[in-house]
$ cat target-v8.cif   # mmCIF, C-alpha atoms and all ligand atoms
data_structure
loop_
_atom_site.label_atom_id
_atom_site.label_comp_id
_atom_site.auth_asym_id
_atom_site.auth_seq_id
_atom_site.Cartn_x
_atom_site.Cartn_y
_atom_site.Cartn_z
CA MET A 1 17.05 18.16 -21.67
CA PRO A 2 20.21 18.61 -19.53
CA SER A 3 19.82 21.36 -16.94
CA ASN A 4 22.44 23.56 -15.32
CA ALA A 5 20.06 24.65 -12.54
CA PRO A 6 21.19 23.84 -8.99
CA ILE A 7 19.96 20.94 -6.87
CA GLY A 8 18.37 22.17 -3.63
CA PHE A 9 18.94 20.59 -0.24
CA LEU A 10 17.01 21.41 2.89
CA ASP A 11 17.39 20.51 6.53
CA SER A 12 16.25 21.84 9.89
CA GLY A 13 19.82 23.06 10.32
CA VAL A 14 23.42 22.28 9.46
CA GLY A 15 22.96 18.47 9.36
CA GLY A 16 22.03 18.53 5.67
CA VAL A 17 25.72 19.16 5.00
CA SER A 18 26.40 15.45 5.65
CA VAL A 19 24.15 14.49 2.72
CA LEU A 20 25.44 17.36 0.61
CA ASN A 21 29.03 16.19 1.15
CA ALA A 22 28.12 12.77 -0.23
CA ALA A 23 26.31 14.36 -3.20
CA ARG A 24 29.22 16.67 -4.04
CA LYS A 25 31.55 13.68 -4.23
CA ALA A 26 29.17 11.68 -6.39
CA LEU A 27 28.13 14.56 -8.69
CA PRO A 28 31.14 16.90 -8.89
CA ASN A 29 29.84 18.99 -11.81
CA GLU A 30 26.44 19.82 -10.32
CA ASP A 31 25.67 23.09 -8.51
CA PHE A 32 24.08 22.82 -5.06
CA ILE A 33 22.21 25.12 -2.67
CA LEU A 34 21.59 24.05 0.91
CA TYR A 35 19.01 25.83 3.04
CA GLY A 36 19.42 25.12 6.76
CA ASP A 37 16.47 26.22 8.87
CA SER A 38 18.52 26.59 12.06
CA ALA A 39 16.37 29.44 13.40
CA ASN A 40 13.48 26.95 13.62
CA ALA A 41 15.45 23.86 14.69
CA PRO A 42 14.92 21.30 16.04
CA TYR A 43 12.20 19.74 13.88
CA GLY A 44 12.53 16.52 15.87
CA THR A 45 10.32 17.65 18.72
CA LYS A 46 7.76 19.79 16.81
CA SER A 47 4.22 18.79 15.78
CA GLU A 48 3.61 17.32 12.32
CA GLU A 49 1.71 20.47 11.26
CA GLN A 50 4.60 22.68 12.31
CA VAL A 51 7.16 20.52 10.49
CA ILE A 52 5.07 20.48 7.28
CA ASP A 53 4.70 24.28 7.38
CA LEU A 54 8.44 24.79 7.96
CA VAL A 55 9.44 22.36 5.21
CA ARG A 56 6.97 23.97 2.79
CA ASN A 57 8.45 27.39 3.58
CA ALA A 58 12.06 26.19 3.15
CA ALA A 59 11.15 24.43 -0.11
CA HIS A 60 9.61 27.63 -1.48
CA ILE A 61 12.73 29.62 -0.62
CA LEU A 62 14.75 27.08 -2.62
CA MET A 63 12.22 27.07 -5.48
CA GLN A 64 12.78 30.83 -5.79
CA GLN A 65 16.45 30.01 -6.45
CA GLY A 66 15.38 27.99 -9.50
CA ILE A 67 16.31 24.50 -8.28
CA LYS A 68 15.73 21.53 -10.62
CA ALA A 69 15.31 18.92 -7.86
CA LEU A 70 14.89 18.95 -4.09
CA VAL A 71 16.61 16.69 -1.57
CA ILE A 72 14.96 16.75 1.84
CA ALA A 73 18.23 16.10 3.70
CA CYS A 74 16.49 15.57 7.03
CA ASN A 75 15.10 12.26 8.28
CA THR A 76 12.49 14.01 10.43
CA ALA A 77 11.22 16.20 7.58
CA THR A 78 11.24 13.23 5.18
CA GLY A 79 9.25 11.05 7.56
CA ILE A 80 6.64 13.77 8.06
CA ALA A 81 6.55 15.88 4.88
CA LEU A 82 8.03 13.98 1.90
CA GLU A 83 4.72 12.90 0.37
CA THR A 84 3.18 16.37 0.78
CA MET A 85 6.16 18.00 -0.93
CA GLN A 86 6.15 15.43 -3.75
CA LYS A 87 2.49 16.28 -4.38
CA GLU A 88 2.92 20.05 -4.13
CA LEU A 89 6.16 20.74 -6.01
CA PRO A 90 6.57 20.56 -9.81
CA ILE A 91 10.11 19.13 -9.52
CA PRO A 92 11.45 15.75 -8.30
CA VAL A 93 11.67 15.51 -4.50
CA VAL A 94 13.64 12.79 -2.68
CA GLY A 95 14.32 12.31 1.02
CA ILE A 96 16.38 10.42 3.56
CA LEU A 97 15.37 7.79 6.11
CA PRO A 98 17.33 5.72 8.65
CA ALA A 99 19.33 3.06 6.77
CA ILE A 100 17.64 0.12 8.48
CA ARG A 101 17.68 -2.21 5.46
CA PRO A 102 21.36 -1.56 4.57
CA ALA A 103 22.19 -2.01 8.26
CA GLN A 104 20.68 -5.51 8.15
CA LYS A 105 23.20 -6.40 5.43
CA LEU A 106 26.06 -5.38 7.74
CA ARG A 107 24.67 -7.06 10.87
CA LYS A 108 26.45 -10.18 12.13
CA GLU A 109 25.12 -11.99 15.19
CA GLY A 110 24.44 -8.86 17.26
CA ASP A 111 21.93 -6.01 17.04
CA ILE A 112 21.33 -2.75 15.18
CA LEU A 113 20.89 0.53 17.01
CA VAL A 114 18.98 3.20 15.09
CA MET A 115 19.54 6.70 16.44
CA GLY A 116 17.11 9.39 15.29
CA THR A 117 15.16 12.37 16.54
CA PRO A 118 12.17 11.69 18.82
CA ASN A 119 9.88 12.40 15.82
CA THR A 120 11.75 10.21 13.32
CA VAL A 121 11.54 7.03 15.39
CA LYS A 122 7.74 7.49 15.62
CA THR A 123 7.03 8.18 11.93
CA ALA A 124 4.91 5.86 9.79
CA ALA A 125 7.83 5.59 7.35
CA VAL A 126 10.09 4.13 10.06
CA LYS A 127 7.29 1.90 11.39
CA LYS A 128 6.93 0.50 7.87
CA LEU A 129 10.67 -0.19 7.64
CA MET A 130 10.48 -1.90 11.03
CA GLU A 131 7.71 -4.22 9.79
CA THR A 132 9.89 -5.56 6.99
CA ASP A 133 13.42 -5.18 8.40
CA GLY A 134 12.97 -4.62 12.12
CA GLU A 135 14.45 -7.82 13.50
CA HIS A 136 17.26 -7.20 16.03
CA VAL A 137 16.70 -3.44 15.65
CA HIS A 138 16.48 -1.01 18.58
CA LEU A 139 15.01 2.43 17.87
CA LEU A 140 16.45 5.21 20.00
CA GLY A 141 14.99 8.75 19.97
CA CYS A 142 17.75 11.18 20.93
CA PRO A 143 16.34 14.46 22.28
CA GLY A 144 18.91 17.21 22.60
CA LEU A 145 21.55 15.58 20.42
CA MET A 146 21.34 17.58 17.17
CA GLU A 147 21.75 20.74 19.26
CA PHE A 148 25.42 19.87 19.83
CA VAL A 149 26.07 19.91 16.08
CA GLU A 150 24.14 23.18 15.72
CA LYS A 151 26.59 24.66 18.22
CA GLY A 152 29.59 23.15 16.40
CA GLU A 153 30.31 20.96 19.45
CA LEU A 154 31.43 17.68 17.89
CA GLN A 155 33.50 16.49 20.88
CA GLY A 156 33.72 17.27 24.59
CA LEU A 157 32.60 16.37 28.08
CA LEU A 158 29.03 17.65 27.84
CA LEU A 159 28.45 15.75 24.60
CA HIS A 160 30.00 12.61 26.10
CA ALA A 161 27.74 12.87 29.17
CA HIS A 162 24.65 13.38 26.99
CA LEU A 163 25.52 10.35 24.86
CA GLN A 164 26.27 8.27 27.96
CA GLN A 165 22.76 8.89 29.21
CA LEU A 166 21.14 8.11 25.84
CA LEU A 167 23.21 5.02 25.07
CA ALA A 168 23.30 3.48 28.58
CA PRO A 169 20.54 0.88 27.92
CA TYR A 170 22.47 -0.51 24.94
CA LEU A 171 26.00 -0.67 26.24
CA ASP A 172 25.69 -4.25 27.54
CA LYS A 173 24.39 -5.47 24.16
CA GLN A 174 26.43 -6.43 21.14
CA ILE A 175 25.75 -3.57 18.75
CA ASP A 176 27.09 -4.55 15.30
CA VAL A 177 25.72 -1.53 13.46
CA VAL A 178 24.70 1.98 14.46
CA ALA A 179 22.36 3.59 11.92
CA LEU A 180 22.81 7.36 12.14
CA GLY A 181 19.17 8.26 11.41
CA CYS A 182 19.49 12.03 11.65
CA THR A 183 21.61 13.96 9.20
CA HIS A 184 23.33 15.80 12.04
CA TYR A 185 24.67 12.59 13.60
CA PRO A 186 27.38 11.62 11.07
CA PHE A 187 29.28 14.63 12.44
CA LEU A 188 29.11 12.98 15.90
CA GLN A 189 30.29 9.57 14.72
CA SER A 190 33.64 9.69 16.53
CA ALA A 191 31.98 10.84 19.77
CA ILE A 192 29.43 8.00 19.47
CA ALA A 193 32.15 5.48 18.58
CA GLU A 194 33.77 6.03 21.99
CA PHE A 195 30.96 3.88 23.46
CA PHE A 196 31.19 0.88 21.15
CA PRO A 197 33.83 -1.67 20.15
CA GLU A 198 35.99 -1.02 17.13
CA SER A 199 34.12 -3.67 15.17
CA THR A 200 30.85 -1.66 15.30
CA GLN A 201 29.96 -0.19 11.92
CA TYR A 202 28.24 3.13 11.21
CA ILE A 203 25.87 3.86 8.37
CA ASP A 204 23.58 6.66 7.28
CA GLY A 205 20.85 6.91 4.65
CA SER A 206 22.65 9.13 2.16
CA VAL A 207 23.58 6.26 -0.17
CA LEU A 208 19.91 5.46 -0.74
CA THR A 209 19.09 9.16 -1.14
CA LEU A 210 21.71 9.50 -3.86
CA GLU A 211 20.38 6.41 -5.62
CA GLU A 212 16.90 7.94 -5.68
CA LEU A 213 18.25 11.31 -6.82
CA ASN A 214 20.19 9.61 -9.60
CA ALA A 215 17.07 7.71 -10.71
CA GLU A 216 15.04 10.95 -10.92
CA LEU A 217 17.72 13.02 -12.68
CA THR A 218 18.28 10.20 -15.17
CA ARG A 219 14.56 9.62 -15.77
CA LEU A 220 13.96 13.32 -16.49
CA ASP A 221 17.32 13.88 -18.23
CA LEU A 222 18.18 16.69 -15.81
CA TYR A 223 21.89 16.07 -15.21
CA THR A 224 24.08 19.04 -16.08
CA ASP A 225 26.18 18.87 -19.23
CA LYS A 226 28.81 21.20 -17.70
CA THR A 227 32.24 19.70 -17.31
CA ALA A 228 33.58 22.38 -14.92
CA PRO A 229 33.47 21.69 -11.16
CA GLY A 230 30.11 22.60 -9.60
CA THR A 231 29.52 25.26 -6.95
CA THR A 232 27.88 25.10 -3.52
CA ARG A 233 25.89 27.86 -1.86
CA PHE A 234 24.64 27.92 1.72
CA MET A 235 21.50 29.69 2.94
CA THR A 236 20.04 29.79 6.43
CA SER A 237 17.15 31.26 8.39
CA ASN A 238 19.79 32.02 11.03
CA GLY A 239 22.84 34.30 10.93
CA GLU A 240 26.30 34.39 9.35
CA GLU A 241 27.67 32.14 12.09
CA THR A 242 25.51 29.27 10.83
CA ILE A 243 26.84 29.77 7.31
CA ARG A 244 30.40 29.55 8.66
CA LEU A 245 29.52 26.36 10.56
CA MET A 246 28.08 24.84 7.37
CA GLU A 247 31.27 25.76 5.49
CA MET A 248 33.36 24.15 8.23
CA LEU A 249 31.27 20.95 8.13
CA ALA A 250 31.44 20.92 4.33
CA SER A 251 35.23 20.90 4.48
CA ARG A 252 35.33 17.74 6.64
N1 LIG B 301 18.71 16.71 10.70
C1 LIG B 301 17.46 16.27 11.10
C2 LIG B 301 17.17 14.82 10.79
O1 LIG B 301 17.80 14.24 9.94
C3 LIG B 301 16.67 16.77 12.21
C4 LIG B 301 17.17 17.33 13.45
C5 LIG B 301 16.08 18.09 14.11
O2 LIG B 301 15.70 19.13 13.58
O3 LIG B 301 15.56 17.64 15.15
O4 LIG B 301 16.28 14.23 11.35
#
$ encode --input "target-v8.cif" --output "structure tokens" --more "lines below"
Ligand code: DGL
Amino acid sequence: MPSNAPIGFLDSGVGGVSVLNAARKALPNEDFILYGDSANAPYGTKSEEQVIDLVRNAAHILMQQGIKALVIACNTATGIALETMQKELPIPVVGILPAIRPAQKLRKEGDILVMGTPNTVKTAAVKKLMETDGEHVHLLGCPGLMEFVEKGELQGLLLHAHLQQLLAPYLDKQIDVVALGCTHYPFLQSAIAEFFPESTQYIDGSVLTLEELNAELTRLDLYTDKTAPGTTRFMTSNGEETIRLMEMLASR
């Protein structure tokens, strides 16, 4: 039966807004709630047990809001906690992973650079993707990078210097595609693009996430039957400033 309940999104912080933005475009009549766990970010350098506990907690906060489906809009949390959440929650749960397979379709004769958190590039889910689609792929864990987005710093000298240090080993290679494997990184795309030729393409995993969400909502007949534009609500474990940052990123 059609449902007018909201779709919940969770992330370790404000990065989930990049996936939410794609969802709002694709599903304009749905209502959304995003919970950003900025007070406990980053997830990318925490232990698996810690990440599972934090994701479980964030998911329960969203469940209390009566969500009909959950999108784990965080590559790190998906890699570590997706299966646990799918087992524990009574609603459909989908996640996001680095878009390695779609990146292979865009690759020409050069390589693919996958940027993710230190945890994401080590997860079994990414290892599995590497077994099937890992040719010409470099995995790069990027400690300290999501923190720039959490501070609303999407440009600037400090960010440029941080990226320079991370990207240095790849700057003499032909990088055809950069897979932005952390939901914070699409907001840094122009800062990252300063290091690569114009022909380099950028991709994130949100297309696949939306395909999976669509499959679940269709299978369970959960799409809204409202025809009015949907609403979006932001929640955070942090303060008002984080909500304002999410609103700013949602307007991009
Ligand atoms: N936005 C997150 C991701 O997609 C994680 C950033 C972090 O908490 O380290 O991986």
$ residues_near_ligand --input "target-v8.cif" --ligand "ligand LIG 301 (chain B)" --cutoff "8 Å" --atoms "only C-alpha atoms and all ligand atoms" --output "VMD selection string"
chain A and resid 11 to 16 41 to 45 73 to 77 96 to 97 116 to 120 143 146 181 to 185
$ residues_around --input "target-v8.cif" --residues "Glu216 in chain A" --least-positions-apart "3" --cutoff "9 Å" --atoms "only C-alpha atoms" --output "PyMOL selection string"
chain A and resi 69+92-94+211-213+219-222
$ atom_distance --input "target-v8.cif" --atom1 "CA of Asp204 in chain A" --atom2 "CA of Thr132 in chain A"
18.4 Å
$ atom_distance --input "target-v8.cif" --atom1 "CA of His138 in chain A" --atom2 "CA of Leu167 in chain A"
11.1 Å
$ atom_distance --input "target-v8.cif" --atom1 "CA of Ile72 in chain A" --atom2 "CA of Phe9 in chain A"
5.9 Å
$ residues_around --input "target-v8.cif" --residues "Val121 in chain A" --least-positions-apart "5" --cutoff "7 Å" --atoms "only C-alpha atoms" --output "PyMOL selection string"
chain A and resi 116+126+139-141
$ residues_around --input "target-v8.cif" --residues "Leu166 in chain A" --least-positions-apart "2" --cutoff "10 Å" --atoms "only C-alpha atoms" --output "ChimeraX atom specification"
/A:115,140-145,160-164,168-170
$ axis_aligned_box --input "target-v8.cif" --around "range 160-179 of chain A" --padding-each-side "6 Å" --output "JSON"
{"center_x": 25.3, "center_y": 3.5, "center_z": 20.6, "size_x": 21.5, "size_y": 31.8, "size_z": 29.3}
$ closest_residue --input "target-v8.cif" --among "A:Leu210, A:Leu159, A:Leu249, A:Ile80" --to "Lys46 in chain A" --atoms "only C-alpha atoms"
A:Ile80
$ residues_around --input "target-v8.cif" --residues "Ala81 in chain A" --least-positions-apart "6" --cutoff "8 Å" --atoms "all atoms listed in the file" --output "mmCIF file with C-alpha atoms, in the frame of the given file"
data_model
loop_
_atom_site.group_PDB
_atom_site.id
_atom_site.type_symbol
_atom_site.label_atom_id
_atom_site.label_comp_id
_atom_site.auth_asym_id
_atom_site.auth_seq_id
_atom_site.Cartn_x
_atom_site.Cartn_y
_atom_site.Cartn_z
ATOM 1 C CA VAL A 51 7.160 20.520 10.490
ATOM 2 C CA ILE A 52 5.070 20.480 7.280
ATOM 3 C CA VAL A 55 9.440 22.360 5.210
#
$ residues_around --input "target-v8.cif" --residues "Leu89 in chain A" --least-positions-apart "2" --cutoff "12 Å" --atoms "all atoms listed in the file" --output "ChimeraX atom specification"
/A:55-57,59-60,62-63,67-70,81-87,91-94
$ closest_residue --input "target-v8.cif" --among "A:Glu241, A:Leu129, A:Ala228, A:Gln165" --to "Gly152 in chain A" --atoms "only C-alpha atoms"
A:Glu241
